[in-house]
$ cat run01.txt   # compact mmCIF, C-alpha atoms
# COMPACT_ATOMS: atom_id res chain seq x y z
CA MET P 291 17.96 -169.84 3.63
CA LEU P 292 20.57 -168.29 1.37
CA PHE P 293 21.69 -166.27 4.35
CA LEU P 294 23.55 -169.40 5.42
CA PHE P 295 25.37 -169.67 2.10
CA ARG P 296 26.11 -165.99 1.57
CA ASP P 297 29.87 -166.44 1.97
CA ASP P 298 30.04 -169.63 -0.09
CA PRO P 299 32.56 -169.19 -2.94
CA ARG P 300 30.25 -171.07 -5.31
CA VAL P 301 27.44 -168.58 -4.71
CA ALA P 302 29.94 -165.76 -5.26
CA ALA P 303 30.97 -167.39 -8.54
CA VAL P 304 27.34 -167.47 -9.69
CA GLN P 305 26.95 -163.81 -8.79
CA ARG P 306 30.11 -162.95 -10.70
CA GLY P 307 28.90 -164.82 -13.73
CA ALA P 308 25.55 -163.07 -13.45
CA ILE P 309 27.23 -159.68 -13.73
CA ASP P 310 28.49 -160.47 -17.22
CA GLY P 311 25.15 -162.04 -18.15
CA VAL P 312 23.21 -159.02 -16.97
CA ALA P 313 25.57 -156.68 -18.80
CA PHE P 314 25.00 -158.64 -21.99
CA ALA P 315 21.21 -158.58 -21.55
CA THR P 316 21.37 -154.85 -20.87
CA SER P 317 23.33 -154.25 -24.03
CA LEU P 318 20.58 -156.11 -25.89
CA MET P 319 17.94 -153.85 -24.37
CA LEU P 320 20.06 -150.81 -25.15
CA ALA P 321 20.72 -151.84 -28.74
CA PRO P 322 18.04 -149.58 -30.29
CA VAL P 323 19.30 -146.55 -28.33
CA ASP P 324 22.90 -147.31 -29.31
CA ALA P 325 21.96 -147.69 -32.94
CA TRP P 326 20.22 -144.31 -32.84
CA ASP P 327 23.32 -142.71 -31.27
CA ARG P 328 25.55 -144.17 -33.95
CA LEU P 329 23.24 -142.90 -36.65
CA GLY P 330 23.51 -139.44 -35.06
CA ASN P 331 27.32 -139.70 -35.13
CA VAL P 332 27.30 -140.57 -38.81
CA PHE P 333 25.33 -137.47 -39.66
CA GLN P 334 27.25 -135.07 -37.45
CA THR P 335 28.25 -132.09 -39.51
CA ARG P 336 31.83 -131.29 -40.40
CA SER P 337 31.68 -127.84 -38.81
CA SER P 338 30.43 -129.16 -35.50
CA LEU P 339 33.25 -131.69 -35.49
CA GLN P 340 35.77 -128.93 -36.23
CA GLU P 341 34.37 -126.87 -33.39
CA GLU P 342 34.67 -129.84 -31.12
CA VAL P 343 38.30 -130.39 -32.13
CA LEU P 344 39.12 -126.73 -31.50
CA ARG P 345 37.47 -126.82 -28.11
CA LEU P 346 39.31 -130.00 -27.14
CA GLN P 347 42.64 -128.57 -28.34
CA GLN P 348 42.10 -125.52 -26.19
CA GLU P 349 41.16 -127.62 -23.22
CA ASN P 350 44.18 -129.82 -23.80
CA ARG P 351 46.49 -126.77 -23.83
CA VAL P 352 45.05 -125.55 -20.54
CA LEU P 353 45.38 -128.98 -18.98
CA LYS P 354 48.96 -129.32 -20.22
CA GLY P 355 49.81 -126.00 -18.65
CA GLN P 356 48.28 -127.09 -15.39
CA SER P 357 50.06 -130.43 -15.45
CA GLN P 358 53.43 -128.67 -15.88
CA ARG P 359 52.86 -127.08 -12.52
CA LEU P 360 51.61 -130.38 -11.21
CA ALA P 361 54.84 -132.12 -12.14
CA SER P 362 56.94 -129.63 -10.21
CA LEU P 363 54.54 -129.78 -7.28
CA LEU P 364 54.66 -133.57 -7.29
CA SER P 365 58.43 -133.61 -7.19
CA GLU P 366 58.41 -130.99 -4.47
CA ASN P 367 55.88 -133.06 -2.57
CA ALA P 368 58.00 -136.18 -3.03
CA ARG P 369 61.00 -134.35 -1.58
CA TYR P 370 58.98 -133.27 1.44
CA LYS P 371 57.68 -136.78 1.89
CA ALA P 372 61.22 -138.09 1.71
CA LEU P 373 62.18 -135.58 4.37
CA LEU P 374 59.31 -136.81 6.51
CA ASN P 375 60.32 -140.42 5.90
CA SER P 376 56.86 -141.40 4.69
CA ALA P 377 57.28 -143.63 1.70
CA ARG P 378 53.90 -143.76 -0.04
CA ASP P 379 54.10 -143.46 -3.79
CA ILE P 380 51.98 -140.77 -5.35
CA GLY P 381 51.06 -141.93 -8.81
CA ASP P 382 47.97 -144.13 -9.00
CA ASP P 383 47.28 -146.35 -12.00
CA LEU P 384 43.98 -145.59 -13.67
CA ILE P 385 41.68 -147.66 -15.86
CA ALA P 386 39.27 -145.76 -18.08
CA ALA P 387 35.81 -147.29 -17.95
CA GLN P 388 32.35 -146.45 -19.13
CA ILE P 389 29.08 -146.56 -17.20
CA THR P 390 26.81 -148.85 -19.18
CA SER P 391 23.68 -148.97 -17.05
CA LEU P 392 22.02 -148.37 -13.71
CA SER P 393 20.93 -151.16 -11.41
CA PRO P 394 17.16 -151.70 -11.73
CA ASP P 395 16.85 -151.56 -7.94
CA PRO P 396 15.36 -148.08 -7.31
CA ALA P 397 16.42 -147.96 -3.67
CA ARG P 398 20.09 -148.09 -4.57
CA HIS P 399 22.64 -146.12 -6.56
CA ILE P 400 24.58 -148.85 -8.29
CA VAL P 401 26.04 -148.58 -11.77
CA MET P 402 27.46 -151.13 -14.16
CA LEU P 403 30.96 -150.49 -15.58
CA ASP P 404 32.29 -152.02 -18.77
CA LYS P 405 35.61 -153.16 -17.29
CA GLY P 406 36.13 -156.26 -15.17
CA VAL P 407 38.67 -158.58 -13.63
CA SER P 408 40.32 -159.25 -17.00
CA ASP P 409 41.06 -155.50 -17.26
CA GLY P 410 42.51 -155.32 -13.75
CA VAL P 411 39.43 -154.14 -11.87
CA ALA P 412 39.00 -155.61 -8.38
CA ASP P 413 36.48 -155.23 -5.58
CA GLY P 414 36.99 -152.15 -3.46
CA GLN P 415 38.77 -150.01 -6.02
CA PRO P 416 37.73 -146.33 -5.98
CA VAL P 417 35.93 -144.89 -9.03
CA LEU P 418 36.60 -141.30 -10.11
CA GLY P 419 34.50 -139.01 -12.25
CA ALA P 420 35.75 -135.94 -14.06
CA GLU P 421 35.56 -133.75 -10.96
CA GLY P 422 36.15 -136.14 -8.12
CA LEU P 423 35.32 -139.37 -6.38
CA ILE P 424 32.04 -140.96 -7.41
CA GLY P 425 32.08 -144.40 -5.82
CA GLN P 426 33.77 -147.75 -5.44
CA VAL P 427 33.67 -151.13 -7.14
CA THR P 428 31.60 -153.61 -5.12
CA SER P 429 31.61 -156.72 -7.28
CA SER P 430 33.37 -157.54 -10.47
CA GLY P 431 32.68 -160.02 -13.22
CA ASN P 432 35.10 -161.02 -15.91
CA ARG P 433 34.41 -158.15 -18.30
CA ASN P 434 32.04 -155.96 -16.29
CA SER P 435 31.73 -154.78 -12.74
CA ARG P 436 29.29 -153.07 -10.41
CA ALA P 437 30.14 -149.90 -8.54
CA VAL P 438 28.19 -148.29 -5.73
CA LEU P 439 27.99 -144.47 -5.83
CA ILE P 440 28.90 -142.30 -2.86
CA THR P 441 25.27 -141.12 -2.61
CA ASP P 442 23.92 -144.64 -2.02
CA SER P 443 22.43 -144.67 1.46
CA ALA P 444 24.47 -147.73 2.40
CA HIS P 445 27.73 -145.97 1.55
CA ALA P 446 30.02 -143.72 3.58
CA VAL P 447 33.39 -142.20 2.77
CA PRO P 448 35.96 -140.75 5.20
CA VAL P 449 36.58 -137.12 4.24
CA GLN P 450 38.58 -134.13 5.32
CA VAL P 451 37.71 -130.47 5.02
CA ASN P 452 40.32 -129.10 2.64
CA ARG P 453 40.48 -125.70 4.36
CA SER P 454 40.85 -126.75 7.98
CA GLY P 455 41.91 -130.39 7.85
CA LEU P 456 38.87 -131.40 9.91
CA ARG P 457 38.04 -135.09 9.49
CA ALA P 458 34.52 -136.45 9.13
CA ILE P 459 32.49 -139.18 7.47
CA ALA P 460 30.22 -138.31 4.55
CA GLU P 461 27.30 -140.69 4.25
CA GLY P 462 25.18 -141.17 1.18
CA SER P 463 21.65 -139.88 1.51
CA GLY P 464 19.89 -141.90 -1.18
CA SER P 465 19.31 -138.76 -3.25
CA ILE P 466 21.71 -138.18 -6.09
CA ASP P 467 22.82 -134.62 -5.23
CA ARG P 468 23.37 -134.85 -1.52
CA LEU P 469 25.73 -136.28 1.08
CA ILE P 470 25.20 -135.99 4.84
CA ILE P 471 27.74 -135.50 7.59
CA ARG P 472 26.29 -136.30 10.99
CA HIS P 473 27.76 -136.14 14.47
CA LEU P 474 30.01 -133.14 14.00
CA PRO P 475 30.20 -131.09 17.22
CA ALA P 476 28.09 -127.93 16.88
CA THR P 477 31.15 -125.79 17.54
CA THR P 478 33.07 -127.24 14.58
CA ASP P 479 34.65 -124.93 12.04
CA ILE P 480 32.85 -125.92 8.85
CA ARG P 481 31.27 -123.50 6.41
CA VAL P 482 29.14 -123.52 3.32
CA GLY P 483 31.43 -123.80 0.29
CA ASP P 484 34.12 -125.88 2.00
CA LEU P 485 35.62 -128.56 -0.22
CA LEU P 486 35.63 -132.09 1.18
CA VAL P 487 38.43 -134.38 -0.02
CA THR P 488 39.07 -138.03 0.77
CA SER P 489 41.10 -138.31 3.94
CA GLY P 490 42.61 -141.72 3.21
CA LEU P 491 41.61 -142.99 6.65
CA GLY P 492 40.30 -146.53 6.64
CA GLY P 493 42.59 -147.44 3.77
CA ARG P 494 39.83 -147.83 1.21
CA PHE P 495 40.21 -144.55 -0.70
CA PRO P 496 43.50 -142.85 -1.51
CA SER P 497 43.73 -139.42 0.12
CA GLY P 498 43.29 -136.10 -1.63
CA TYR P 499 40.57 -136.72 -4.20
CA PRO P 500 37.74 -134.16 -4.10
CA VAL P 501 34.40 -135.61 -2.98
CA ALA P 502 31.87 -132.86 -2.36
CA ARG P 503 31.28 -129.23 -1.50
CA VAL P 504 29.37 -128.21 1.62
CA THR P 505 26.00 -126.70 0.73
CA GLU P 506 24.26 -126.36 4.07
CA VAL P 507 25.25 -126.36 7.73
CA ILE P 508 22.39 -126.79 10.17
CA ILE P 509 23.06 -126.10 13.83
CA LEU P 510 19.92 -126.16 15.93
CA GLU P 511 20.14 -124.25 19.16
CA GLY P 512 20.73 -126.57 22.08
CA ASP P 513 21.82 -129.46 19.89
CA ALA P 514 25.22 -130.95 20.53
CA PHE P 515 25.74 -131.90 16.91
CA ALA P 516 25.56 -130.11 13.60
CA THR P 517 24.10 -131.63 10.47
CA VAL P 518 26.00 -130.83 7.31
CA PHE P 519 24.81 -131.37 3.76
CA ALA P 520 27.18 -131.48 0.82
CA ALA P 521 26.78 -131.79 -2.94
CA PRO P 522 29.05 -134.25 -4.77
CA SER P 523 31.71 -132.55 -6.91
CA SER P 524 30.99 -134.81 -9.86
CA LEU P 525 27.52 -134.86 -11.33
CA LEU P 526 26.77 -138.48 -10.61
CA ASP P 527 23.84 -138.82 -12.96
CA ARG P 528 25.60 -137.18 -15.89
CA GLY P 529 28.61 -138.32 -17.85
CA ARG P 530 29.46 -141.86 -18.85
CA TYR P 531 33.23 -141.95 -18.55
CA VAL P 532 34.88 -142.79 -15.27
CA LEU P 533 38.30 -143.86 -14.02
CA VAL P 534 38.92 -146.84 -11.79
CA VAL P 535 41.92 -146.38 -9.53
CA MET P 536 44.11 -149.47 -9.20
CA TRP P 537 45.16 -148.74 -5.76
CA GLY P 538 47.66 -150.32 -3.37
CA ASP P 539 47.07 -153.65 -1.67
CA LEU P 540 43.34 -153.69 -2.12
CA GLN P 541 43.33 -156.71 -4.39
CA ARG P 542 44.98 -158.86 -1.77
CA GLU P 543 42.83 -157.47 1.01
CA VAL P 544 39.35 -157.56 -0.44
CA ALA P 545 39.11 -160.16 -3.18
CA PRO P 546 38.16 -163.60 -1.89
CA MET J 193 -5.88 -188.38 -14.17
CA ILE J 194 -2.47 -187.40 -15.39
CA GLU J 195 -2.45 -184.24 -17.46
CA ARG J 196 0.07 -183.95 -20.21
CA THR J 197 2.16 -180.80 -20.18
CA GLN J 198 2.23 -178.72 -23.28
CA ALA J 199 4.23 -175.68 -24.32
CA LEU J 200 5.63 -175.03 -20.85
CA TRP J 201 8.40 -173.01 -22.46
CA VAL J 202 5.89 -170.21 -23.08
CA ILE J 203 5.65 -169.69 -19.32
CA TYR J 204 9.40 -169.49 -18.84
CA LEU J 205 9.87 -167.34 -21.92
CA SER J 206 7.28 -164.83 -20.72
CA LEU J 207 8.87 -164.74 -17.27
CA GLY J 208 12.25 -164.19 -18.95
CA VAL J 209 10.90 -161.32 -21.01
CA ALA J 210 9.39 -159.83 -17.85
CA LEU J 211 12.83 -160.05 -16.21
CA LEU J 212 14.34 -158.30 -19.23
CA THR J 213 11.95 -155.36 -18.79
CA MET J 214 13.76 -154.70 -15.50
CA LEU J 215 16.81 -153.80 -17.57
CA LEU J 216 15.12 -151.16 -19.70
CA PRO J 217 17.16 -147.98 -19.26
CA LEU J 218 15.44 -145.34 -17.14
CA PRO J 219 16.70 -142.12 -15.54
CA MET J 220 17.82 -142.56 -11.95
CA GLU J 221 14.85 -140.88 -10.28
CA TRP J 222 12.30 -142.62 -12.52
CA ARG J 223 13.29 -146.17 -11.73
CA ILE J 224 10.87 -146.17 -8.84
CA LEU J 225 7.92 -145.87 -11.25
CA ARG J 226 8.86 -148.92 -13.31
CA PRO J 227 5.97 -151.39 -13.32
CA ASP J 228 6.87 -154.73 -11.77
CA PHE J 229 6.11 -156.96 -14.75
CA VAL J 230 8.03 -159.83 -13.17
CA ALA J 231 5.62 -160.16 -10.26
CA LEU J 232 2.61 -159.57 -12.52
CA ALA J 233 3.62 -162.27 -15.01
CA LEU J 234 4.38 -164.68 -12.19
CA PHE J 235 1.01 -164.01 -10.54
CA TYR J 236 -0.77 -164.47 -13.84
CA TRP J 237 0.72 -167.91 -14.39
CA VAL J 238 0.03 -168.95 -10.81
CA LEU J 239 -3.59 -167.86 -11.26
CA ALA J 240 -3.98 -169.54 -14.64
CA LEU J 241 -2.01 -172.76 -14.08
CA PRO J 242 -1.61 -173.33 -10.35
CA ASN J 243 -0.67 -176.94 -11.03
CA ARG J 244 2.35 -175.88 -13.13
CA VAL J 245 3.59 -172.66 -11.55
CA GLY J 246 3.94 -172.42 -7.82
CA VAL J 247 6.24 -171.62 -4.95
CA ALA J 248 9.31 -173.22 -6.57
CA THR J 249 8.92 -171.09 -9.70
CA ALA J 250 8.47 -168.04 -7.48
CA PHE J 251 11.75 -168.95 -5.79
CA GLY J 252 13.53 -169.19 -9.16
CA VAL J 253 12.08 -165.89 -10.33
CA GLY J 254 13.11 -164.21 -7.08
CA MET J 255 16.67 -165.52 -7.46
CA ALA J 256 16.88 -164.27 -11.03
CA GLN J 257 15.61 -160.89 -9.90
CA ASP J 258 18.28 -160.67 -7.19
CA LEU J 259 21.02 -161.67 -9.61
CA ILE J 260 19.91 -158.94 -12.00
CA GLU J 261 19.74 -156.30 -9.28
CA GLY J 262 22.98 -157.37 -7.62
CA ALA J 263 21.11 -157.66 -4.32
CA PRO J 264 21.97 -160.35 -1.75
CA LEU J 265 20.70 -163.62 -3.23
CA GLY J 266 17.29 -164.67 -2.03
CA ILE J 267 16.20 -161.38 -0.54
CA SER J 268 13.23 -160.97 -2.87
CA CYS J 269 12.40 -164.71 -2.94
CA PHE J 270 10.62 -164.91 0.35
CA GLY J 271 8.09 -162.17 -0.42
CA LEU J 272 7.30 -163.58 -3.86
CA MET J 273 6.95 -167.11 -2.46
CA LEU J 274 4.57 -165.99 0.25
CA ALA J 275 2.45 -163.98 -2.18
CA THR J 276 2.37 -167.01 -4.48
CA LEU J 277 1.24 -169.17 -1.60
CA VAL J 278 -1.59 -166.77 -0.80
CA LEU J 279 -2.58 -166.85 -4.45
CA LEU J 280 -2.45 -170.66 -4.54
CA PHE J 281 -4.84 -170.90 -1.61
CA ASN J 282 -7.32 -168.47 -3.18
CA TYR J 283 -6.96 -168.85 -6.94
CA GLN J 284 -10.46 -170.20 -7.50
CA ARG J 285 -12.04 -167.21 -5.81
CA ILE J 286 -9.74 -164.66 -7.47
CA ARG J 287 -10.41 -166.10 -10.92
CA GLN J 288 -14.07 -165.10 -10.50
CA PHE J 289 -13.20 -161.42 -9.92
CA ASP J 290 -13.41 -158.87 -12.72
CA GLY J 291 -10.33 -156.99 -13.93
CA MET J 292 -10.49 -154.11 -11.46
CA GLN J 293 -11.01 -156.35 -8.47
CA GLN J 294 -8.14 -158.56 -9.59
CA SER J 295 -5.96 -155.46 -9.93
CA LEU J 296 -6.65 -154.62 -6.30
CA VAL J 297 -5.75 -158.17 -5.27
CA MET J 298 -2.50 -157.86 -7.23
CA LEU J 299 -1.75 -154.55 -5.49
CA ALA J 300 -2.26 -156.23 -2.12
CA LEU J 301 0.01 -159.13 -3.13
CA MET J 302 2.72 -156.79 -4.37
CA ILE J 303 2.52 -154.73 -1.17
CA LEU J 304 2.89 -157.99 0.73
CA SER J 305 5.92 -159.17 -1.24
CA SER J 306 7.72 -155.84 -1.39
CA GLY J 307 6.91 -155.23 2.27
CA ILE J 308 8.56 -158.49 3.23
CA GLU J 309 11.51 -157.68 1.00
CA GLY J 310 11.87 -154.30 2.67
CA TRP J 311 11.69 -155.94 6.05
CA LEU J 312 14.48 -158.37 5.15
CA ARG J 313 16.55 -155.52 3.70
CA THR J 314 16.23 -153.61 6.96
CA GLY J 315 17.48 -156.75 8.66
CA VAL J 316 20.72 -156.73 6.66
CA ASP J 317 21.09 -152.91 6.74
CA LEU J 318 20.35 -152.29 3.08
CA PRO J 319 18.49 -149.22 1.87
CA THR J 320 14.76 -149.70 1.40
CA LEU J 321 12.29 -147.93 -0.85
CA PRO J 322 10.86 -144.64 0.33
CA LEU J 323 7.08 -144.27 0.57
CA THR J 324 6.94 -143.15 -3.07
CA GLY J 325 7.59 -146.82 -3.85
CA LEU J 326 3.83 -147.26 -3.36
CA LEU J 327 3.38 -145.13 -6.48
CA GLY J 328 5.38 -147.71 -8.45
CA LEU J 329 3.13 -150.43 -7.06
CA ALA J 330 0.04 -148.44 -8.09
CA ILE J 331 1.43 -148.20 -11.63
CA SER J 332 2.09 -151.94 -11.56
CA MET J 333 -1.52 -152.42 -10.51
CA LEU J 334 -2.71 -150.51 -13.56
CA CYS J 335 -0.54 -152.80 -15.70
CA TRP J 336 -2.31 -155.93 -14.45
CA ILE J 337 -5.08 -155.89 -17.05
CA PRO J 338 -2.75 -155.46 -20.08
CA THR J 339 -0.34 -158.08 -18.68
CA ARG J 340 -3.21 -160.50 -18.12
CA HIS J 341 -4.43 -159.86 -21.64
CA VAL J 342 -1.04 -160.53 -23.25
CA CYS J 343 -0.34 -163.63 -21.16
CA ARG J 344 -3.85 -164.97 -21.77
CA GLN J 345 -3.45 -164.57 -25.53
CA LEU J 346 -0.12 -166.38 -25.32
CA ARG J 347 -1.61 -169.16 -23.24
CA ARG J 348 -4.54 -169.67 -25.60
CA HIS J 349 -2.48 -169.39 -28.76
CA TYR J 350 0.07 -171.98 -27.70
CA GLY J 351 -2.39 -174.06 -25.71
CA VAL J 352 -0.29 -174.05 -22.58
CA VAL J 353 -1.51 -176.55 -20.02

$ encode --input "run01.txt" --output "C-alpha cells"
Amino acid sequence: MLFLFRDDPRVAAVQRGAIDGVAFATSLMLAPVDAWDRLGNVFQTRSSLQEEVLRLQQENRVLKGQSQRLASLLSENARYKALLNSARDIGDDLIAAQITSLSPDPARHIVMLDKGVSDGVADGQPVLGAEGLIGQVTSSGNRNSRAVLITDSAHAVPVQVNRSGLRAIAEGSGSIDRLIIRHLPATTDIRVGDLLVTSGLGGRFPSGYPVARVTEVIILEGDAFATVFAAPSSLLDRGRYVLVVMWGDLQREVAP
Amino acid sequence: MIERTQALWVIYLSLGVALLTMLLPLPMEWRILRPDFVALALFYWVLALPNRVGVATAFGVGMAQDLIEGAPLGISCFGLMLATLVLLFNYQRIRQFDGMQQSLVMLALMILSSGIEGWLRTGVDLPTLPLTGLLGLAISMLCWIPTRHVCRQLRRHYGVV
C-alpha cells in the first residue's frame, strides 16, 4: 500500500522527522555507556594524557610536512589542469561528524551520523573515514543523518585501479571487510595489493579518494570474467569520526 | 455487552519499550542475534487481548519498526499483519498450549513474518538476511517465555482489559 506513496513528500517528511527521533531515542539507550566513558575520561591519568599529547604532536608534525608537499603538488596540478582547460576546483569542503549508532536492521550496513541538514549535510554526499571512502549519506534529518557504508550489499561505487587506471565497479558484499568486483575480463591487469580509488564516474563521488585494496583475484580456467575481492581501506567497524564531503551540485540534484 | 477499556496505555508502553530494545547498541556482526521483542510483545497482546490488539496495531508497530530501521515504510507491516491474523484466528487454541509449544508457534509466526518481509525486500532489490537470521529467530523463540511472563505480570498488575 505504501508503495504507492513512496515518493510522497509528506511521507518523506515523516521519515526525516523520524531520523531525529530515532537519534534521540538511541542517545537515551546509550546514556549509561556514555556516562561510563565520561567517568573513564575523568580518571584518566596525567601521564597517559601527556603521552597522548606527545603522540599527537608528532603526528601533527608529520602531517604538516606531508601537507607542505601537498600544497606544491596541488598548485602544480592546478597549473596542469589549467593547461588542459579542465576547470574543476580541487578543494572540497568537509564537515566533521561522528557515528552515533548502527541501524538495527542486521541485513544492512547503515550508520547514523550526528550532523544533519542544519549543518549542511545533504543526501548523496560522500562520507570519508581516516583512510578513505566509507560511504554516502542516504537520508538526512535536521540534526542527524543516515549513511550507507560501501560494504552494504545494495551499494556500489565506481572505482579505478590506481596503478593502471583500469575502471571498475566495486559492489558491497554485505560483510564488513570485503568488496566485490564482478565482470572484469579474465585477461585484465589487476593484482593483489592494487589500490582502488574513486574514479569520479557517475558524478556521485569525487575522484581520487582511496576506497579499498585488492586482496584476492580469482580467475577460473575457462571463465570469461574474473572475480576480484578487495578490503576497504578504512576499518568500517572501528573509529567514530568521519568527514562528510560537501561536494559540487549534489544538493540541487538529489534533494527533493 | 460492552466492555470498558482499562489501562490501554500499558499495551502501547510495552510495545514502545520493545521498539526501544531495537536501538540497544550491538556490534555489527551481532545484530543478527538480537531477539525480536517487538514481534513477541505484539503477539503476546494479540493472544491475551484479541479484542483490543489486532491487525491495525500490527500495522502501526510495523510502521514504527520501519521508521526506526530506515527501511522503506511498510515493508515489515505486511508480515506482522498476516502473522497477527493467523494468531487472531487461532488464539483460543494457542492459549491452551504450554510454554514450549507456544514458543514453537511463535517461531513459526516469526518465520512467516520475516519470510514475507524478505520476500518484499527482494522485490525492491534490498538486501535480505542470510540463513543465519534463523538463529536470531531461534533466540527470539527462547525469549517468548520471559516476555510472556513480564507482559502477563504487567497485564495483571494494571488490570488491562

$ interface_residues --input "run01.txt" --of "chain P" --to "chain J" --cutoff "9 Å" --atoms "only C-alpha atoms" --output "PyMOL selection string"
chain P and resi 291-293+296+301+304-305+308-309+311-312+315-316+319-320+391-400+429+436+442-444+464-466+527

$ atom_distance --input "run01.txt" --atom1 "atom CA of J:Ile308" --atom2 "atom CA of J:Gly271"
5.2 Å

$ closest_residue --input "run01.txt" --among "P:Leu418, P:Leu339, P:Ile459, P:Leu474" --to "P:Ile508" --atoms "all atoms listed in the file"
P:Leu474

$ closest_residue --input "run01.txt" --among "P:Arg494, P:Arg359, P:Arg457, P:Arg468" --to "P:Ile480" --atoms "only C-alpha atoms"
P:Arg457

$ residues_around --input "run01.txt" --residues "P:Gly307" --least-positions-apart "4" --cutoff "8 Å" --atoms "only C-alpha atoms" --output "JSON, numbers by chain"
{"P": [303, 311, 431, 432]}

$ atom_distance --input "run01.txt" --atom1 "atom CA of J:Thr249" --atom2 "atom CA of J:Thr339"
18.3 Å

$ residues_around --input "run01.txt" --residues "J:Val353" --least-positions-apart "6" --cutoff "9 Å" --atoms "only C-alpha atoms" --output "VMD selection string"
chain J and resid 195 to 200 241 244 347

$ atom_distance --input "run01.txt" --atom1 "atom CA of P:Met536" --atom2 "atom CA of P:Ala520"
26.7 Å

$ residues_around --input "run01.txt" --residues "stretch 227-235 of chain J" --least-positions-apart "5" --cutoff "8 Å" --atoms "only C-alpha atoms" --output "count of residues only"
22

$ closest_residue --input "run01.txt" --among "P:Leu456, P:Leu469, P:Ala387, P:Arg336" --to "P:Arg481" --atoms "all atoms listed in the file"
P:Leu456

$ closest_residue --input "run01.txt" --among "P:Ile470, P:Ala502, P:Leu346, P:Val401" --to "P:Val451" --atoms "all atoms listed in the file"
P:Ala502
